[in-house]
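Chemist: Take a look at the following structure, please.
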Amino acid sequence: MRKFLVALTLLSFAFAAGAETSIEQIADAHPRGQIEISNVAGEIQVRGWERDQVKVTGELGRGTNRLIFEPEGTRTFIKVEVPDNYGNVRGSDLEVMVPEGSRVTIAAVSADISVGKVRGALRIQSVSGDIEVEIFEEDVEAKTVSGDLEIRGHDEDSLLTLTTVSGDGQVTNIRGELVAQSVTGSLDIRSSELRRARLRTTNGDIELATGMGEGARFDMEAINGDLLLDILGDINAEFDIETFNGSIDNSFGPDSVRASKYAPGRVLRFIHGDGDARIRIKTLNGGIELRGR
Amino acid sequence: MQQLAGVRMTDPSPAAEVSEALLVRQAKAGQLSAFEALYRHHKGRVYALCLRMTGSRDRAEDCLQEAFVQAWRRLGSFQGRSAFGTWLYRIAVNQVLSLQRKEARQPGFVEIVDDRTQTPVDRPGPRDTGLSMDLEQAVSSLPPGARNVFVLNAVHGYSHEETARMLGVAVGTCKAQLHRARRLLAERLDK
Amino acid sequence: MTEQRPPQGGNGGNGGNDGNDRLLEAARRLPVEIAPERDLWPDIAARLEPPVVARPAATGWRWAGAIAAGAALVAVSSLMTIWVLEREDSRFASTTVPTAGAPSVVAPASFGPGHKLGPKYRLARNELAAGLDARLEALPPASRSVVRRNLAQIRSALNEINQALADDPNNVLLQQLLLAAYQDELAVLTEVNRMARSLPTRKEI
């Protein structure tokens, strides 16, 4: 019997190594537990559902060792295990159903990641894969080196933190607080209302179209990138806008003035409405555009 | 470093108290490093409160973070009439209460008592390790009302009046909850 | 208030019960402080912004007045900023990348004439810079070159700003942007470090 089992095991390993393997695993899970998912390449798709269970289906790529699926207390670990030298390994596609209240952490190298209908806090990182996420009222943090980010909100108050080196980001329908940082990637953000926004780029462009919450604080900085702030709705803010060598183009308020006789920089400081919010926009060489009605 | 005891942060040296006042002034003036120092000083206490009241590490981390963020934002209104720690711990307790209220509203909420997210059975510290470890676990298994009171009053040493004020209940309710907590704990620990 | 916890009062009727006294004693002996399992400060710091009132006089930094007036520290809701600046009298000090092995994408550190980068910042930066090549090895080749190219862009920006500052050392905007660029660089180094350490590999999850 033992020899038979050994033979069977060897066979299944050989099978896994030589071809794709279908997987299906399911386990009970805490309705608001923690899910940790790790996959090098391929795809990771996570969806929330009403069951208190985690279910993984998909295909393991050729050359992967196995899928690790470990429920442990209120945590569930899901990991595609690959050999140390994973150059020859084909990507694995995972489809993971999780309780919709779960907190999810995902780490990938080149795998694309998509998360939907998960209402707990999310922490997602892919080095070069694209990241597509739905955000509700819990915090979401998404980081990439060169992947693109697409975040779709439901107009619920939350904190969104984005970090990219060269990937571009597109954010829609968020509300609350936003922290975003890019080196050369571009960010395009649409929000109904933000209370806090901190946006920074070295050479990428940032476009932010948003309403301002009461007492809002916005802080946008670029070295060479361009910054556009389009304010929706009422404007009650104190503006502090300055560029060392770029242009300032505003559709309301006074015109910008030269910062000094000798330098090319421009400055625009004024109060609009009751000056409740504070908007600060600074660039070195980038252009600044301020729009409002 | 001395064991912190009592409701208020106490420090043997007057110099340390003076320096906290200075840190608070600096933090109010916007110096993040001063606030970080305050964080480092008080995080152990805040975390202990949050962890025991919520019974879960994840929730405790959330409440702790939220508490410090709130404290920073509201520094402007801190007048120094009470000690900074007292003010901060109140904010932390409010965060926990707000979380508990939010969770109570969710339909079908099921509290699963789990070893990994339990209070720190593997932390170093308590001398009487046998009973303390069981006690931490037993406390986190209490229903929220009794647990809140027991943690604040019996573990952290707040008076009944202070506990009642922090929890927004009458002193009588507070005492009743404490009584209930002690009874439940005695039952659970005897098993 | 005294240093000891107040005795547990208000429950007179039960005083005679041994078990309960032991219970309360045990409760009193539980540690009042528990250390969180990980450092939560970075997440907190990232969410903070300074209060509206800036008090330049209190800090004693040479250019704090000008900056505070512009609510400049808004840019700085992170620990790194405090590290970067030091209260120093004006001595121009420049720190070059320390070891032969350090990659050239990380710029020599200076903060214009008259200011010095704080020691904690220099330490963090040097540590991250020194380990950068090793960390980059953990990333796929395409990503490695993305990181290097982007760090080079930041380095250019740092050079450009430093040069402008040499001509106009009291320019507050330049100082703010220089600070921002240093933070960008540190952020990239930190992120690469974190990512490389937490990459899906066989050895860890």
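By convention here, the chains of the structure tokens are called A, B, ... in the order presented, each chain's residues are numbered starting at 1, and ligands are numbered starting at 1 in the order presented.
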Find the spatial neighbours of C:Leu136, counting only C-alpha atoms, within a cut-off of 10 Å - ignore same-chain residues fewer than 4 positions away - and output them as a PyMOL selection string.
Modeler: chain C and resi 131-132+140-141+143-145+147-148+192-193+195-196
Chemist: Show which residues sit within 9 Å of A:Arg217, as a PyMOL selection string. Count only C-alpha atoms, and ignore same-chain residues fewer than 6 positions away.
Modeler: (chain A and resi 194-198+277-280) or (chain C and resi 49+74)
Chemist: How would the residues just chosen look if you wrote them out with N, CA and C atoms as a CSV table (one decimal), in the first residue's frame?
Modeler:
```
chain,number,residue,atom,x,y,z
A,194,LEU,N,-13.0,65.4,-1.2
A,194,LEU,CA,-11.9,64.9,-0.3
A,194,LEU,C,-11.7,65.9,0.8
A,195,ARG,N,-11.4,65.3,2.0
A,195,ARG,CA,-11.0,66.2,3.1
A,195,ARG,C,-9.5,66.4,3.2
A,196,ARG,N,-8.8,65.3,2.8
A,196,ARG,CA,-7.3,65.4,2.9
A,196,ARG,C,-6.8,64.8,1.6
A,197,ALA,N,-5.8,65.5,1.0
A,197,ALA,CA,-5.2,64.9,-0.2
A,197,ALA,C,-3.7,65.3,-0.2
A,198,ARG,N,-2.9,64.3,-0.3
A,198,ARG,CA,-1.5,64.6,-0.4
A,198,ARG,C,-1.0,63.9,-1.6
A,277,ALA,N,-10.7,76.0,3.7
A,277,ALA,CA,-9.8,74.9,3.3
A,277,ALA,C,-8.4,75.5,3.0
A,278,ARG,N,-7.4,74.6,2.9
A,278,ARG,CA,-6.1,75.1,2.5
A,278,ARG,C,-5.6,74.3,1.4
A,279,ILE,N,-5.2,75.0,0.3
A,279,ILE,CA,-4.8,74.3,-0.9
A,279,ILE,C,-3.3,74.8,-1.1
A,280,ARG,N,-2.5,73.8,-1.2
A,280,ARG,CA,-1.1,74.2,-1.5
A,280,ARG,C,-0.6,73.4,-2.7
C,49,GLU,N,-1.3,65.5,9.3
C,49,GLU,CA,-0.8,66.7,8.6
C,49,GLU,C,-0.7,67.7,9.8
C,74,VAL,N,3.4,71.2,5.6
C,74,VAL,CA,2.4,70.4,5.1
C,74,VAL,C,3.0,69.3,4.2
```
Chemist: Quick one, how far is atom CA of A:Glu95 from atom CA of A:Phe77?
Modeler: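 Interatomic distance, atom CA of A:Glu95 to atom CA of A:Phe77: 14.0 Å.
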Chemist: Taking only C-alpha atoms into account, find every residue of chain A that has an atom no more than 9 Å from chain C, and write it out as number ranges by chain.
Modeler: A: 36-40, 77-84, 86, 107-110, 125-128, 143-146, 159, 163-166, 177, 179, 181-184, 196, 198, 200-203, 217-224, 240, 242-244, 278, 280, 282-284
Chemist: B:Gly157, B:Gly168, B:Gly55, B:Gly145: which is nearest chain C, counting only C-alpha atoms?
Modeler: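 Smallest distance to chain C is found for B:Gly157.
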Chemist: Counting only C-alpha atoms, which of B:Gln79, B:Ser19, B:Gln31, B:Ser56 gets nearest to chain A?
Modeler: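 Result for the nearest residue to chain A: B:Ser56.
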